[in-house]
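Data block for target.cif (mmCIF, C-alpha atoms):
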```cif
data_target
#
loop_
_atom_site.label_atom_id
_atom_site.label_comp_id
_atom_site.auth_asym_id
_atom_site.auth_seq_id
_atom_site.Cartn_x
_atom_site.Cartn_y
_atom_site.Cartn_z
CA MET S 147 0.00 0.00 0.00
CA ALA S 148 2.82 2.39 0.84
CA TRP S 149 4.25 1.96 -2.65
CA VAL S 150 1.00 2.75 -4.45
CA TRP S 151 1.68 6.52 -4.42
CA PHE S 152 5.20 5.89 -5.71
CA HIS S 153 4.07 3.93 -8.75
CA ARG S 154 1.14 6.28 -9.33
CA PHE S 155 3.58 9.16 -9.46
CA GLY S 156 5.47 7.16 -12.07
CA SER S 157 2.43 6.87 -14.34
CA PRO S 158 3.00 9.19 -17.35
CA PRO S 159 -0.60 10.51 -17.64
CA HIS S 160 -0.83 11.10 -13.89
CA PHE S 161 2.56 12.82 -13.76
CA TYR S 162 1.73 14.93 -16.84
CA ARG S 163 -1.53 16.23 -15.37
CA LEU S 164 -0.02 16.77 -11.91
CA ALA S 165 2.92 18.67 -13.44
CA ARG S 166 0.55 20.94 -15.37
CA ARG S 167 -1.41 21.74 -12.20
CA LEU S 168 1.64 22.27 -9.98
CA THR S 169 3.73 24.47 -12.29
CA PRO S 170 2.09 27.81 -11.37
CA TRP S 171 2.27 26.89 -7.64
CA PHE S 172 6.05 26.87 -8.00
CA GLY S 173 6.42 29.60 -10.61
CA TRP S 174 4.66 32.48 -8.86
CA PRO S 175 6.26 31.92 -5.42
CA ALA S 176 9.63 31.75 -7.21
CA LEU S 177 9.05 35.22 -8.67
CA ILE S 178 7.93 36.68 -5.33
CA LEU S 179 10.80 35.12 -3.37
CA CYS S 180 13.42 36.24 -5.89
CA LEU S 181 12.04 39.79 -6.00
CA ALA S 182 12.09 39.95 -2.20
CA GLY S 183 15.61 38.53 -2.15
CA LEU S 184 16.82 41.04 -4.74
CA ILE S 185 15.32 43.99 -2.86
CA GLY S 186 16.93 42.77 0.35
CA GLY S 187 20.25 41.86 -1.22
CA LEU S 188 20.73 44.93 -3.40
CA GLY S 189 18.94 47.53 -1.30
CA LEU S 190 18.75 46.57 2.35
CA ALA S 191 21.76 44.39 3.20
CA PRO S 192 24.71 46.46 4.48
CA ARG S 193 28.01 46.45 2.62
CA ASP S 194 30.56 43.88 3.77
CA TYR S 195 33.45 45.30 5.81
CA GLN S 196 36.02 43.34 3.77
CA GLN S 197 34.42 42.83 0.36
CA GLY S 198 32.53 46.12 0.17
CA GLU S 199 29.69 46.23 -2.34
CA GLY S 200 31.28 43.41 -4.31
CA PHE S 201 29.84 40.87 -1.90
CA ARG S 202 26.38 41.45 -3.45
CA ILE S 203 27.40 39.03 -6.21
CA ILE S 204 26.74 36.31 -3.63
CA TYR S 205 23.00 36.82 -4.08
CA VAL S 206 23.20 35.35 -7.57
CA HIS S 207 26.37 33.28 -7.34
CA ALA S 208 25.36 31.17 -4.31
CA PRO S 209 21.86 30.33 -5.64
CA ALA S 210 23.37 29.37 -9.02
CA ALA S 211 25.91 27.12 -7.30
CA TRP S 212 23.18 25.64 -5.09
CA LEU S 213 21.09 24.83 -8.16
CA SER S 214 24.04 23.28 -9.97
CA LEU S 215 24.46 20.80 -7.13
CA MET S 216 20.82 20.22 -6.27
CA VAL S 217 19.78 19.66 -9.88
CA TYR S 218 22.51 17.03 -10.28
CA VAL S 219 21.27 15.19 -7.19
CA VAL S 220 17.70 15.30 -8.53
CA MET S 221 18.94 14.10 -11.91
CA ALA S 222 20.92 11.20 -10.42
CA THR S 223 18.09 10.22 -8.06
CA SER S 224 15.44 10.18 -10.77
CA ALA S 225 17.82 8.31 -13.11
CA ALA S 226 18.32 5.73 -10.35
CA VAL S 227 14.54 5.42 -9.92
CA GLY S 228 14.22 4.85 -13.65
CA LEU S 229 17.03 2.30 -13.71
CA ILE S 230 16.04 0.31 -10.61
CA TRP S 231 12.24 0.36 -10.79
CA ARG S 232 12.03 0.72 -14.60
CA ILE S 233 9.84 3.82 -14.20
CA ASN S 234 10.21 5.80 -17.43
CA VAL S 235 9.04 9.02 -15.80
CA GLY S 236 12.29 8.86 -13.81
CA HIS S 237 14.34 8.92 -17.00
CA ALA S 238 12.16 11.73 -18.38
CA VAL S 239 12.77 13.81 -15.26
CA ALA S 240 16.51 13.10 -15.39
CA ALA S 241 16.71 14.12 -19.05
CA SER S 242 14.80 17.32 -18.24
CA CYS S 243 17.18 18.20 -15.40
CA ALA S 244 20.38 18.09 -17.44
CA PRO S 245 20.11 21.29 -19.54
CA ILE S 246 18.87 23.26 -16.52
CA GLY S 247 21.72 22.03 -14.32
CA ALA S 248 24.32 22.63 -17.02
CA SER S 249 23.21 26.23 -17.58
CA PHE S 250 23.30 27.02 -13.85
CA THR S 251 26.70 25.40 -13.49
CA VAL S 252 27.96 27.71 -16.24
CA LEU S 253 26.32 30.62 -14.40
CA ALA S 254 27.92 29.59 -11.09
CA LEU S 255 31.34 29.42 -12.75
CA ALA S 256 30.87 32.75 -14.58
CA THR S 257 29.59 34.67 -11.56
CA GLY S 258 32.30 32.98 -9.51
CA MET S 259 34.91 34.35 -11.92
CA LEU S 260 33.41 37.84 -11.64
CA TYR S 261 33.43 37.47 -7.86
CA GLY S 262 36.98 36.09 -7.78
CA ARG S 263 38.62 38.80 -9.86
CA PRO S 264 38.15 41.67 -7.34
CA MET S 265 38.47 39.43 -4.26
CA TRP S 266 41.31 37.08 -5.20
CA GLY S 267 42.90 39.08 -7.99
CA THR S 268 42.22 36.36 -10.56
CA TYR S 269 39.29 35.15 -12.66
CA TRP S 270 40.35 31.52 -12.37
CA GLU S 271 42.49 29.31 -10.21
CA TRP S 272 42.83 25.51 -10.28
CA ASP S 273 41.40 25.50 -6.80
CA PRO S 274 39.59 22.35 -5.48
CA ARG S 275 36.18 24.05 -5.42
CA LEU S 276 36.43 25.61 -8.88
CA THR S 277 37.97 22.52 -10.44
CA SER S 278 35.35 20.14 -9.05
CA GLU S 279 32.57 22.52 -10.17
CA LEU S 280 34.07 22.52 -13.67
CA LEU S 281 34.07 18.72 -13.54
CA LEU S 282 30.36 18.89 -12.70
CA LEU S 283 29.78 20.89 -15.88
CA PHE S 284 31.60 18.19 -17.87
CA LEU S 285 29.38 15.56 -16.22
CA TYR S 286 26.25 17.42 -17.28
CA LEU S 287 27.54 17.89 -20.82
CA GLY S 288 28.66 14.26 -20.94
CA TYR S 289 25.21 13.11 -19.84
CA MET S 290 23.51 15.13 -22.58
CA ALA S 291 26.06 14.04 -25.20
CA LEU S 292 25.66 10.37 -24.26
CA ARG S 293 21.87 10.61 -24.50
CA SER S 294 21.99 12.20 -27.93
CA ALA S 295 24.62 9.73 -29.20
CA ILE S 296 22.36 6.69 -28.68
CA ASP S 297 19.31 6.50 -30.94
CA ASP S 298 17.41 3.90 -28.93
CA VAL S 299 15.71 5.76 -26.08
CA ALA S 300 15.76 2.83 -23.62
CA ARG S 301 19.49 2.24 -24.14
CA ALA S 302 20.18 5.97 -23.90
CA ASP S 303 18.23 6.07 -20.64
CA ARG S 304 20.23 3.22 -19.12
CA ALA S 305 23.65 4.43 -20.23
CA SER S 306 23.08 8.02 -19.15
CA ALA S 307 21.56 6.87 -15.84
CA VAL S 308 24.76 4.98 -15.01
CA LEU S 309 26.82 8.08 -15.81
CA ALA S 310 24.56 10.29 -13.68
CA ILE S 311 24.70 7.92 -10.71
CA VAL S 312 28.48 7.49 -10.86
CA GLY S 313 29.00 11.23 -11.26
CA VAL S 314 27.01 12.12 -8.15
CA VAL S 315 30.16 11.48 -6.10
CA ASP S 316 31.35 14.89 -7.36
CA VAL S 317 28.61 16.68 -5.41
CA PRO S 318 29.96 16.05 -1.87
CA ILE S 319 33.48 16.62 -3.22
CA ILE S 320 32.43 20.10 -4.37
CA HIS S 321 30.75 20.88 -1.07
CA TYR S 322 33.54 19.61 1.20
CA SER S 323 36.46 20.67 -1.02
CA VAL S 324 36.87 23.92 0.93
CA ILE S 325 37.14 21.91 4.17
CA TRP S 326 39.26 18.96 3.01
CA TRP S 327 41.85 20.96 1.04
CA ASN S 328 43.48 24.38 1.09
CA SER S 329 41.21 26.48 -1.04
CA LEU S 330 40.94 30.09 -2.11
CA HIS S 331 37.17 29.75 -1.93
CA GLN S 332 35.59 30.67 1.37
CA ALA S 333 34.26 27.95 3.67
CA PRO S 334 30.50 27.28 3.87
CA THR S 335 28.56 30.03 5.58
CA VAL S 336 25.07 28.50 5.44
CA MET S 337 25.24 24.80 4.48
CA LYS S 338 27.17 23.64 7.48
CA PHE S 339 26.73 22.27 10.99
CA GLY S 340 26.30 25.06 13.51
CA ARG S 341 25.01 28.56 13.08
CA PRO S 342 25.39 30.43 9.78
CA SER S 343 28.38 32.76 9.66
CA MET S 344 26.41 35.69 8.24
CA PRO S 345 24.43 38.34 10.07
CA ALA S 346 20.68 38.17 9.56
CA SER S 347 20.53 41.33 7.44
CA MET S 348 22.76 39.63 4.86
CA LEU S 349 21.52 36.07 5.42
CA VAL S 350 17.77 36.56 4.99
CA PRO S 351 17.97 37.88 1.39
CA LEU S 352 20.34 35.01 0.56
CA LEU S 353 17.88 32.45 1.95
CA LEU S 354 15.06 34.10 0.00
CA MET S 355 17.09 33.85 -3.22
CA LEU S 356 17.99 30.21 -2.50
CA ALA S 357 14.31 29.38 -1.93
CA GLY S 358 13.25 31.38 -4.99
CA PHE S 359 15.73 29.61 -7.25
CA THR S 360 14.60 26.22 -5.89
CA PHE S 361 10.95 26.96 -6.66
CA TYR S 362 11.98 28.29 -10.08
CA PHE S 363 13.81 25.03 -10.84
CA ALA S 364 10.74 23.01 -9.82
CA ALA S 365 8.52 25.02 -12.20
CA LEU S 366 11.05 24.66 -15.03
CA LEU S 367 11.51 20.95 -14.42
CA LEU S 368 7.77 20.27 -14.48
CA THR S 369 7.46 22.20 -17.77
CA ARG S 370 10.35 20.37 -19.42
CA ALA S 371 9.29 16.98 -18.08
CA ARG S 372 5.83 17.35 -19.63
CA GLY S 373 7.40 17.82 -23.06
CA GLU S 374 9.77 14.90 -22.48
CA ILE S 375 6.89 12.63 -21.52
CA LEU S 376 4.87 13.64 -24.60
CA ARG S 377 7.83 12.77 -26.83
CA ARG S 378 8.27 9.39 -25.13
CA GLU S 379 4.64 8.38 -25.00
CA ARG S 380 4.07 9.20 -28.68
CA ASN S 381 0.78 7.47 -29.56
CA ALA S 382 -0.50 6.61 -26.11
CA HIS S 383 -4.27 6.83 -25.76
CA TRP S 384 -4.22 9.37 -22.93
CA ILE S 385 -2.39 12.03 -24.91
CA ALA S 386 -5.41 13.29 -26.88
CA ALA S 387 -7.36 14.00 -23.70
CA ALA S 388 -4.33 15.56 -21.99
CA LEU S 389 -3.69 17.89 -24.95
CA GLU S 390 -7.28 19.08 -24.89
CA GLU S 391 -6.90 19.98 -21.22
CA SER S 392 -3.72 22.01 -21.95
CA MET I 36 28.73 50.06 -6.07
CA GLY I 37 32.02 51.28 -4.61
CA GLY I 38 34.06 50.46 -7.69
CA TYR I 39 32.65 46.94 -8.00
CA ALA I 40 29.91 47.79 -10.50
CA VAL I 41 31.88 46.30 -13.41
CA TYR I 42 31.67 42.92 -11.62
CA VAL I 43 28.31 43.13 -9.85
CA TRP I 44 26.02 44.27 -12.66
CA PRO I 45 27.31 41.82 -15.30
CA SER I 46 26.74 39.05 -12.72
CA TYR I 47 23.12 40.09 -12.33
CA GLY I 48 22.76 40.57 -16.08
CA LEU I 49 24.12 37.07 -16.78
CA THR I 50 21.78 35.62 -14.17
CA ALA I 51 18.76 37.37 -15.69
CA ALA I 52 19.79 36.06 -19.13
CA VAL I 53 20.17 32.47 -17.93
CA VAL I 54 16.91 32.57 -15.98
CA GLY I 55 15.02 34.04 -18.94
CA LEU I 56 16.55 31.71 -21.51
CA ASN I 57 15.71 28.65 -19.42
CA ILE I 58 12.06 29.73 -19.25
CA PHE I 59 12.05 30.33 -23.01
CA TRP I 60 13.69 26.96 -23.82
CA ALA I 61 11.41 25.02 -21.47
CA ARG I 62 8.22 26.55 -22.90
CA ARG I 63 9.46 26.12 -26.47
CA SER I 64 10.32 22.49 -25.79
CA LEU I 65 6.85 21.82 -24.34
CA ARG I 66 5.04 23.67 -27.15
CA GLY I 67 7.07 21.76 -29.75
CA ALA I 68 6.24 18.42 -28.13
CA GLN I 69 2.54 19.35 -27.93
CA ARG I 70 2.51 20.43 -31.56
CA ASP I 71 4.20 17.19 -32.69
CA ALA I 72 1.79 15.12 -30.61
CA ARG I 73 -1.23 16.87 -32.16
CA ARG I 74 0.17 16.27 -35.65
CA ARG I 75 0.75 12.58 -34.92
CA LEU I 76 -2.75 12.15 -33.53
CA ALA I 77 -4.26 13.91 -36.54
CA ALA I 78 -2.30 11.64 -38.89
CA LEU I 79 -3.44 8.57 -36.96
CA LYS I 80 -7.08 9.68 -37.17
CA LEU I 81 -6.72 10.22 -40.90
CA ALA I 82 -5.14 6.81 -41.37
CA ALA I 83 -7.88 5.15 -39.31
CA ALA I 84 -10.63 6.93 -41.29
CA SER I 85 -9.26 6.00 -44.71
#
```
Is it possible to express this structure as structure tokens?
Amino acid sequence: MAWVWFHRFGSPPHFYRLARRLTPWFGWPALILCLAGLIGGLGLAPRDYQQGEGFRIIYVHAPAAWLSLMVYVVMATSAAVGLIWRINVGHAVAASCAPIGASFTVLALATGMLYGRPMWGTYWEWDPRLTSELLLLFLYLGYMALRSAIDDVARADRASAVLAIVGVVDVPIIHYSVIWWNSLHQAPTVMKFGRPSMPASMLVPLLLMLAGFTFYFAALLLTRARGEILRRERNAHWIAAALEES
Amino acid sequence: MGGYAVYVWPSYGLTAAVVGLNIFWARRSLRGAQRDARRRLAALKLAAAS
């Protein structure tokens, strides 16, 4: 009985309709949270005593980095669900995650470079955090390349799922790299045991942006996954009714 | 921005671009899939009728 909801969630028509209904419930809160975070981060948070106004890059850099990691975990988890339980919706979700995660990894790297230049004096350093984040980008690109290189969808699903699952080891490496090794990058200020290292006036806008980006990803994922499911289901009988509801 | 504007504003601009492009790509992908599905269903109906 406990597994009924799990397999129901894996039913393509059920997931498609649920995704259509849930998308605005994630999209609008994302907009409100991000606007509130931007007002707080750009207008209300005081300047940092060391980094001056340059620290305000954190309000876009940290959420981008957070998404790059979280999206990979979602991608690997849903790929594992697809591989283990043979639930195709899992593979559809994983395939939908990849372009989103790749773009936010690029954004995290780019904003990180713009943050690093004034703070460290360099756009790039082969630092453990930066290097492992770059590796994450290669994992995303490799996943998408592998999928597109195999014509048979089922084989592409299985091969890319294995890559996604193996690559997830990079996620804790990225997070703990600043603790395990000497790194230019600052240590965690929020995602750590103990109290955050930021004052509330700086922390609250950051948390709002993190939440806003998370909701935004959920809305995007549900939109992309619907298209992915339609492409996979092709001539299934439920599609005609679902398209009329759209 | 205390001399940091050349770093801060491009960061926000890049973020806005990535956020906007992702919304555009996701909606285009869904609309394309819906359009293809409607075409396939129409072709199937035609084949069944003839």
Original post:
Hey, what's within 10 Å of region 43-49 of chain I if we count all atoms listed in the file and toss same-chain stuff fewer than 5 positions away? As a PyMOL selection string, please?
Top reply: (chain S and resi 184+199-207+253-254+256-261) or (chain I and resi 36+38+54-55)
**OP:** Please write the residues picked by the PyMOL selection byres ((chain S) within 10 of (chain I)) on this file as a PyMOL selection string.
**Re:** chain S and resi 184+188+193+197-207+210+242+245-246+249-250+252-254+256-264+359+362-363+365-383+385-386+388-390+392
Selected residues written out with C-alpha atoms, as a PDB file, keeping the file's coordinate frame:
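File produced: selection.pdb:
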```pdb
ATOM      1  CA  LEU S 184      16.820  41.040  -4.740  1.00  0.00           C
ATOM      2  CA  LEU S 188      20.730  44.930  -3.400  1.00  0.00           C
ATOM      3  CA  ARG S 193      28.010  46.450   2.620  1.00  0.00           C
ATOM      4  CA  GLN S 197      34.420  42.830   0.360  1.00  0.00           C
ATOM      5  CA  GLY S 198      32.530  46.120   0.170  1.00  0.00           C
ATOM      6  CA  GLU S 199      29.690  46.230  -2.340  1.00  0.00           C
ATOM      7  CA  GLY S 200      31.280  43.410  -4.310  1.00  0.00           C
ATOM      8  CA  PHE S 201      29.840  40.870  -1.900  1.00  0.00           C
ATOM      9  CA  ARG S 202      26.380  41.450  -3.450  1.00  0.00           C
ATOM     10  CA  ILE S 203      27.400  39.030  -6.210  1.00  0.00           C
ATOM     11  CA  ILE S 204      26.740  36.310  -3.630  1.00  0.00           C
ATOM     12  CA  TYR S 205      23.000  36.820  -4.080  1.00  0.00           C
ATOM     13  CA  VAL S 206      23.200  35.350  -7.570  1.00  0.00           C
ATOM     14  CA  HIS S 207      26.370  33.280  -7.340  1.00  0.00           C
ATOM     15  CA  ALA S 210      23.370  29.370  -9.020  1.00  0.00           C
ATOM     16  CA  SER S 242      14.800  17.320 -18.240  1.00  0.00           C
ATOM     17  CA  PRO S 245      20.110  21.290 -19.540  1.00  0.00           C
ATOM     18  CA  ILE S 246      18.870  23.260 -16.520  1.00  0.00           C
ATOM     19  CA  SER S 249      23.210  26.230 -17.580  1.00  0.00           C
ATOM     20  CA  PHE S 250      23.300  27.020 -13.850  1.00  0.00           C
ATOM     21  CA  VAL S 252      27.960  27.710 -16.240  1.00  0.00           C
ATOM     22  CA  LEU S 253      26.320  30.620 -14.400  1.00  0.00           C
ATOM     23  CA  ALA S 254      27.920  29.590 -11.090  1.00  0.00           C
ATOM     24  CA  ALA S 256      30.870  32.750 -14.580  1.00  0.00           C
ATOM     25  CA  THR S 257      29.590  34.670 -11.560  1.00  0.00           C
ATOM     26  CA  GLY S 258      32.300  32.980  -9.510  1.00  0.00           C
ATOM     27  CA  MET S 259      34.910  34.350 -11.920  1.00  0.00           C
ATOM     28  CA  LEU S 260      33.410  37.840 -11.640  1.00  0.00           C
ATOM     29  CA  TYR S 261      33.430  37.470  -7.860  1.00  0.00           C
ATOM     30  CA  GLY S 262      36.980  36.090  -7.780  1.00  0.00           C
ATOM     31  CA  ARG S 263      38.620  38.800  -9.860  1.00  0.00           C
ATOM     32  CA  PRO S 264      38.150  41.670  -7.340  1.00  0.00           C
ATOM     33  CA  PHE S 359      15.730  29.610  -7.250  1.00  0.00           C
ATOM     34  CA  TYR S 362      11.980  28.290 -10.080  1.00  0.00           C
ATOM     35  CA  PHE S 363      13.810  25.030 -10.840  1.00  0.00           C
ATOM     36  CA  ALA S 365       8.520  25.020 -12.200  1.00  0.00           C
ATOM     37  CA  LEU S 366      11.050  24.660 -15.030  1.00  0.00           C
ATOM     38  CA  LEU S 367      11.510  20.950 -14.420  1.00  0.00           C
ATOM     39  CA  LEU S 368       7.770  20.270 -14.480  1.00  0.00           C
ATOM     40  CA  THR S 369       7.460  22.200 -17.770  1.00  0.00           C
ATOM     41  CA  ARG S 370      10.350  20.370 -19.420  1.00  0.00           C
ATOM     42  CA  ALA S 371       9.290  16.980 -18.080  1.00  0.00           C
ATOM     43  CA  ARG S 372       5.830  17.350 -19.630  1.00  0.00           C
ATOM     44  CA  GLY S 373       7.400  17.820 -23.060  1.00  0.00           C
ATOM     45  CA  GLU S 374       9.770  14.900 -22.480  1.00  0.00           C
ATOM     46  CA  ILE S 375       6.890  12.630 -21.520  1.00  0.00           C
ATOM     47  CA  LEU S 376       4.870  13.640 -24.600  1.00  0.00           C
ATOM     48  CA  ARG S 377       7.830  12.770 -26.830  1.00  0.00           C
ATOM     49  CA  ARG S 378       8.270   9.390 -25.130  1.00  0.00           C
ATOM     50  CA  GLU S 379       4.640   8.380 -25.000  1.00  0.00           C
ATOM     51  CA  ARG S 380       4.070   9.200 -28.680  1.00  0.00           C
ATOM     52  CA  ASN S 381       0.780   7.470 -29.560  1.00  0.00           C
ATOM     53  CA  ALA S 382      -0.500   6.610 -26.110  1.00  0.00           C
ATOM     54  CA  HIS S 383      -4.270   6.830 -25.760  1.00  0.00           C
ATOM     55  CA  ILE S 385      -2.390  12.030 -24.910  1.00  0.00           C
ATOM     56  CA  ALA S 386      -5.410  13.290 -26.880  1.00  0.00           C
ATOM     57  CA  ALA S 388      -4.330  15.560 -21.990  1.00  0.00           C
ATOM     58  CA  LEU S 389      -3.690  17.890 -24.950  1.00  0.00           C
ATOM     59  CA  GLU S 390      -7.280  19.080 -24.890  1.00  0.00           C
ATOM     60  CA  SER S 392      -3.720  22.010 -21.950  1.00  0.00           C
TER      61      SER S 392
END
```
Original post:
Can you tell me, as a ChimeraX atom specification, what residues are no more than 7 Å from Phe361 (chain S) when counting all atoms listed in the file, ignoring any on the same chain fewer than 5 positions away?
Top reply: /S:172-173,175-176
**OP:** Check the smallest atom-to-atom distance from each of S:Leu287, S:Ala248, S:Ala305, S:Met216 to Ala364 (chain S) using all atoms listed in the file, then report the winner.
**Re:** S:Met216
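Separating CA of Leu179 (chain S) from CA of Tyr162 (chain S) is a distance of 25.9 Å.
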Exactly which residues make up the result of the PyMOL selection byres ((chain S and resi 227) around 12) on this file, given as a short mmCIF file (atom, residue, chain, number, x, y, z; two decimals) with C-alpha atoms, in the coordinates of the input?
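Contents of out05.cif, freshly written:
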```
data_model
loop_
_atom_site.label_atom_id
_atom_site.label_comp_id
_atom_site.auth_asym_id
_atom_site.auth_seq_id
_atom_site.Cartn_x
_atom_site.Cartn_y
_atom_site.Cartn_z
CA PHE S 152 5.20 5.89 -5.71
CA HIS S 153 4.07 3.93 -8.75
CA PHE S 155 3.58 9.16 -9.46
CA GLY S 156 5.47 7.16 -12.07
CA VAL S 220 17.70 15.30 -8.53
CA MET S 221 18.94 14.10 -11.91
CA ALA S 222 20.92 11.20 -10.42
CA THR S 223 18.09 10.22 -8.06
CA SER S 224 15.44 10.18 -10.77
CA ALA S 225 17.82 8.31 -13.11
CA ALA S 226 18.32 5.73 -10.35
CA GLY S 228 14.22 4.85 -13.65
CA LEU S 229 17.03 2.30 -13.71
CA ILE S 230 16.04 0.31 -10.61
CA TRP S 231 12.24 0.36 -10.79
CA ARG S 232 12.03 0.72 -14.60
CA ILE S 233 9.84 3.82 -14.20
CA ASN S 234 10.21 5.80 -17.43
CA VAL S 235 9.04 9.02 -15.80
CA GLY S 236 12.29 8.86 -13.81
CA HIS S 237 14.34 8.92 -17.00
CA ALA S 238 12.16 11.73 -18.38
CA VAL S 239 12.77 13.81 -15.26
CA ALA S 240 16.51 13.10 -15.39
CA ASP S 303 18.23 6.07 -20.64
CA ARG S 304 20.23 3.22 -19.12
CA ALA S 307 21.56 6.87 -15.84
CA VAL S 308 24.76 4.98 -15.01
CA ALA S 310 24.56 10.29 -13.68
CA ILE S 311 24.70 7.92 -10.71
#
```
**OP:** Could you tell me how far CA of Leu349 (chain S) lies from CA of Ala182 (chain S), in Å and to one decimal?
**Re:**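 For CA of Leu349 (chain S) relative to CA of Ala182 (chain S), the distance reads 12.7 Å.
Among the candidates S:Leu164, S:Leu190, S:Leu280, S:Leu255, the residue lying nearest to Pro209 (chain S) is S:Leu255 (atoms considered: all atoms listed in the file).
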**OP:** Could you jot down the CA of Gly187 (chain S) to CA of Tyr322 (chain S) separation for me, Å, one decimal place?
**Re:**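 Pair CA of Gly187 (chain S) / CA of Tyr322 (chain S) returns 26.0 Å.
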Original post:
Using all atoms listed in the file, which of the listed residues (S:Thr268, S:Ser323, S:Asn328, S:Thr251) sits closest to Leu285 (chain S)?
Top reply: S:Thr251
Have region 59-76 of chain I completed to N, CA and C atoms, please, and pass it along as a PDB file, keeping the file's coordinate frame.
```pdb
ATOM      1  N   PHE I  59      12.345  30.360 -21.571  1.00  0.00           N
ATOM      2  CA  PHE I  59      12.050  30.330 -23.010  1.00  0.00           C
ATOM      3  C   PHE I  59      12.246  28.928 -23.585  1.00  0.00           C
ATOM      4  N   TRP I  60      13.387  28.296 -23.287  1.00  0.00           N
ATOM      5  CA  TRP I  60      13.690  26.960 -23.820  1.00  0.00           C
ATOM      6  C   TRP I  60      12.694  25.918 -23.316  1.00  0.00           C
ATOM      7  N   ALA I  61      12.335  26.009 -22.035  1.00  0.00           N
ATOM      8  CA  ALA I  61      11.410  25.020 -21.470  1.00  0.00           C
ATOM      9  C   ALA I  61      10.038  25.136 -22.133  1.00  0.00           C
ATOM     10  N   ARG I  62       9.543  26.354 -22.282  1.00  0.00           N
ATOM     11  CA  ARG I  62       8.220  26.550 -22.900  1.00  0.00           C
ATOM     12  C   ARG I  62       8.247  26.172 -24.371  1.00  0.00           C
ATOM     13  N   ARG I  63       9.353  26.483 -25.051  1.00  0.00           N
ATOM     14  CA  ARG I  63       9.460  26.120 -26.470  1.00  0.00           C
ATOM     15  C   ARG I  63       9.500  24.598 -26.630  1.00  0.00           C
ATOM     16  N   SER I  64      10.233  23.940 -25.736  1.00  0.00           N
ATOM     17  CA  SER I  64      10.320  22.490 -25.790  1.00  0.00           C
ATOM     18  C   SER I  64       8.934  21.858 -25.588  1.00  0.00           C
ATOM     19  N   LEU I  65       8.187  22.360 -24.614  1.00  0.00           N
ATOM     20  CA  LEU I  65       6.850  21.820 -24.340  1.00  0.00           C
ATOM     21  C   LEU I  65       5.919  22.101 -25.511  1.00  0.00           C
ATOM     22  N   ARG I  66       5.933  23.330 -26.025  1.00  0.00           N
ATOM     23  CA  ARG I  66       5.040  23.670 -27.150  1.00  0.00           C
ATOM     24  C   ARG I  66       5.363  22.814 -28.371  1.00  0.00           C
ATOM     25  N   GLY I  67       6.655  22.601 -28.625  1.00  0.00           N
ATOM     26  CA  GLY I  67       7.070  21.760 -29.750  1.00  0.00           C
ATOM     27  C   GLY I  67       6.568  20.329 -29.595  1.00  0.00           C
ATOM     28  N   ALA I  68       6.695  19.792 -28.388  1.00  0.00           N
ATOM     29  CA  ALA I  68       6.240  18.420 -28.130  1.00  0.00           C
ATOM     30  C   ALA I  68       4.718  18.330 -28.269  1.00  0.00           C
ATOM     31  N   GLN I  69       3.995  19.342 -27.803  1.00  0.00           N
ATOM     32  CA  GLN I  69       2.540  19.350 -27.930  1.00  0.00           C
ATOM     33  C   GLN I  69       2.116  19.428 -29.392  1.00  0.00           C
ATOM     34  N   ARG I  70       2.826  20.268 -30.138  1.00  0.00           N
ATOM     35  CA  ARG I  70       2.510  20.430 -31.560  1.00  0.00           C
ATOM     36  C   ARG I  70       2.756  19.111 -32.312  1.00  0.00           C
ATOM     37  N   ASP I  71       3.882  18.470 -32.034  1.00  0.00           N
ATOM     38  CA  ASP I  71       4.200  17.190 -32.690  1.00  0.00           C
ATOM     39  C   ASP I  71       3.184  16.135 -32.315  1.00  0.00           C
ATOM     40  N   ALA I  72       2.766  16.115 -31.056  1.00  0.00           N
ATOM     41  CA  ALA I  72       1.790  15.120 -30.610  1.00  0.00           C
ATOM     42  C   ALA I  72       0.449  15.333 -31.317  1.00  0.00           C
ATOM     43  N   ARG I  73       0.035  16.589 -31.459  1.00  0.00           N
ATOM     44  CA  ARG I  73      -1.230  16.870 -32.160  1.00  0.00           C
ATOM     45  C   ARG I  73      -1.146  16.424 -33.611  1.00  0.00           C
ATOM     46  N   ARG I  74      -0.007  16.670 -34.240  1.00  0.00           N
ATOM     47  CA  ARG I  74       0.170  16.270 -35.650  1.00  0.00           C
ATOM     48  C   ARG I  74       0.090  14.752 -35.780  1.00  0.00           C
ATOM     49  N   ARG I  75       0.752  14.050 -34.859  1.00  0.00           N
ATOM     50  CA  ARG I  75       0.750  12.580 -34.920  1.00  0.00           C
ATOM     51  C   ARG I  75      -0.656  12.042 -34.739  1.00  0.00           C
ATOM     52  N   LEU I  76      -1.381  12.605 -33.779  1.00  0.00           N
ATOM     53  CA  LEU I  76      -2.750  12.150 -33.530  1.00  0.00           C
ATOM     54  C   LEU I  76      -3.643  12.429 -34.725  1.00  0.00           C
TER      55      LEU I  76
END
```
